[in-house]
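Asker: Below you will find the structure I want to go over with you.
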Amino acid sequence: MRVLLIEDEYHMREALCRGLREEGNEAVGAATGSEGLRLARDEGFDVIVCDILLPGLNGFQICRRLREQGVWTPILMLTAKDGEWDQAEALDAGADDYLTKPFSYVVLKAHLRALVRRGAKSATAAGDVLRWGDLVLDRRAHRCSRSGRDVDLSHREFDLLAELMASGARAVSKAELLERVWGPTFNGDPNIVEVYMGYLRRKVDAPFGRRTIETVRGVGYRLAEVDAGG
Ligand code: CA
């Protein structure tokens, strides 16, 4: 894979680049935010690793600008445990995943592979973070947000939305959702799925003036295609 590393700490950048190259990857390092942005935009990478605090542009600005310009290369943000910004803000800025420093090289590689496998534009089940337009579900932190605003979901609502986002534009049947979210031994009223879809719509769609959760009559549910602005 072809990796861009935007990191101003020399030793960290060089060590990561060297490690990746030794395993047959292509790794390009950038020491400043503006150089990173230029490389990310002009040269094709499979994945980008981006620090937050950088000279020039910071990691959030890089993320936002790339997404605004339609560059959907997956971005892994490096966050600091006691930093001023947190993981949630990284995701809101358009990053696909994050790692908190210090991290192990093995874990970094696993995250990079997962990101490259899934690509960035649509939500899939591969990573901890599911994204559908401006709707973000962080399964590790158990947090949901839309347009950068937190959405408070119950456990069941969260699991249900995760199933929908993992399936994306593919319709999922009520029976599948019942089995995956309520479990194969559930023997209550299957209409519980509709009831919960109502709860979800009231939380993730209505307040934002959107209709992302679609009912496919006779089939089940799916997410509406992400529009250009979303
Ligand atoms: Ca830094």
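Each chain in the structure tokens gets a letter, A, B, ..., in the order shown, and its residues are numbered from 1; ligands are numbered from 1 in order too.
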Check which residues fall inside 12 Å of ligand 1 when counting only C-alpha atoms and all ligand atoms, and print them as a VMD selection string.

Answerer: chain A and resid 5 to 13 30 to 33 49 to 59 77 to 80 83 101

Asker: Counting only C-alpha atoms, what is within 10 Å of Glu176 in chain A, bar same-chain residues fewer than 6 positions away, as a list in words?

Answerer: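 Here the qualifying residues turn out to be Glu163, Trp182, Gly183, Pro184 and Gly220 of chain A.
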
Asker: Under the rule that only C-alpha atoms are counted, which of A:Arg2, A:Arg149, A:Arg131, A:Arg201 is the nearest residue to Val28 in chain A?

Answerer: A:Arg2

Asker: How many Å lie between CA of Glu23 in chain A and CA of Gly94 in chain A, rounded to one decimal?

Answerer: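 Pair CA of Glu23 in chain A / CA of Gly94 in chain A returns 28.3 Å.
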
Asker: Need the shell around Leu164 in chain A: protein/DNA/RNA residues with any atom at most 10 Å away, counting only C-alpha atoms. Skip same-chain ones fewer than 2 positions apart. Format as an MDAnalysis selection string?

Answerer: chainID A and resid 123:124 158:162 166:172 177 213 221:223

Asker: Do you have the CA of Ala141 in chain A-CA of Gly36 in chain A distance handy?

Answerer: 27.9 Å

Asker: Between A:Arg65, A:Arg210, A:Arg113, A:Arg118, which residue has the minimum interatomic distance to Ser147 in chain A, considering only C-alpha atoms?

Answerer: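 The closest residue to Ser147 in chain A is A:Arg210.
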
Asker: So which one's closest to His142 in chain A, A:Ile62, A:Ala93, A:Ala88, A:Ala175? Using only C-alpha atoms, please.

Answerer: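 Closest to His142 in chain A, using only C-alpha atoms: A:Ala88.
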
Asker: Show which residues sit within 10 Å of Leu20 in chain A, as a PDB file with C-alpha atoms, in the first residue's frame. Count only C-alpha atoms, and ignore same-chain residues fewer than 3 positions away.

Answerer:
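Generated file (selection05.pdb):
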ATOM      1  CA  MET A   1       0.000   0.000   0.000  1.00  0.00           C
ATOM      2  CA  ARG A   2       0.948   3.610  -0.534  1.00  0.00           C
ATOM      3  CA  VAL A   3       0.997   5.568   2.715  1.00  0.00           C
ATOM      4  CA  GLU A  14      11.297   8.308   9.876  1.00  0.00           C
ATOM      5  CA  ALA A  15      10.748   5.214  11.993  1.00  0.00           C
ATOM      6  CA  LEU A  16       7.243   4.682  10.653  1.00  0.00           C
ATOM      7  CA  CYS A  17       8.298   5.294   7.052  1.00  0.00           C
ATOM      8  CA  GLU A  23       7.577  -4.514   4.456  1.00  0.00           C
ATOM      9  CA  GLY A  24       7.240  -3.574   0.820  1.00  0.00           C
ATOM     10  CA  ASN A  25       4.970  -0.566   1.163  1.00  0.00           C
ATOM     11  CA  GLU A  26       5.532   2.826  -0.322  1.00  0.00           C
ATOM     12  CA  ALA A  27       5.758   5.497   2.363  1.00  0.00           C
ATOM     13  CA  VAL A  28       6.076   9.245   1.866  1.00  0.00           C
ATOM     14  CA  TYR A 105       3.486  -0.260  15.316  1.00  0.00           C
ATOM     15  CA  LYS A 109      -0.482  -1.471  10.669  1.00  0.00           C
TER      16      LYS A 109
END

Asker: Which is closest to Gly133 in chain A among A:Arg67, A:Arg41, A:His155, A:Arg180, if we use only C-alpha atoms?

Answerer: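 Comparing A:Arg67, A:Arg41, A:His155, A:Arg180 against Gly133 in chain A, the winner is A:Arg67.
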
Asker: So, counting only C-alpha atoms, which residue among A:Leu76, A:Val226, A:Val47, A:Ala95 is closest to Cys63 in chain A?

Answerer: A:Ala95

Asker: Rank nothing, just name the residue among A:Asp150, A:Glu194, A:Asp189, A:Glu225 nearest to Arg211 in chain A, using only C-alpha atoms.

Answerer: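 The shortest atom-to-atom distance to Arg211 in chain A comes from A:Glu225.
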
Asker: CA of Gly44 in chain A to CA of Leu137 in chain A: how many Å, to one decimal?

Answerer: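 Interatomic distance here is 26.9 Å.
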
Asker: Range 27-223 of chain A: which residues are strand (DSSP E) by DSSP, as a PyMOL selection string?

Answerer: chain A and resi 27-30+47-51+75-80+97-101+129-132+135-138+143-146+149-151+172-173+213-216+220-223

Asker: Could you pull out the alpha helix (DSSP H) residues of range 164-208 of chain A from DSSP and send them as a list in words?

Answerer: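 Taking range 164-208 of chain A and keeping alpha helix (DSSP H) gives Leu164, Met165, Ala166, Ser167, Lys174, Ala175, Glu176, Leu177, Ile192, Val193, Glu194, Val195, Tyr196, Met197, Gly198, Tyr199 and Leu200 of chain A.
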
Asker: Include C-alpha atoms and write out the residues we just selected as a compact mmCIF listing (two decimals), in the first residue's frame.

Answerer:
# COMPACT_ATOMS: atom_id res chain seq x y z
CA LEU A 164 -27.98 -0.18 9.06
CA MET A 165 -24.75 1.71 8.52
CA ALA A 166 -22.76 -1.47 8.00
CA SER A 167 -25.21 -2.46 5.26
CA LYS A 174 -36.67 -6.89 9.48
CA ALA A 175 -35.84 -10.54 10.21
CA GLU A 176 -32.10 -9.92 9.77
CA LEU A 177 -32.23 -6.91 12.07
CA ILE A 192 -40.31 -3.87 17.73
CA VAL A 193 -38.02 -3.15 14.76
CA GLU A 194 -40.45 -0.57 13.39
CA VAL A 195 -40.85 0.97 16.81
CA TYR A 196 -37.09 1.39 17.12
CA MET A 197 -36.76 2.74 13.58
CA GLY A 198 -39.19 5.43 14.71
CA TYR A 199 -36.98 6.25 17.70
CA LEU A 200 -33.91 6.39 15.49
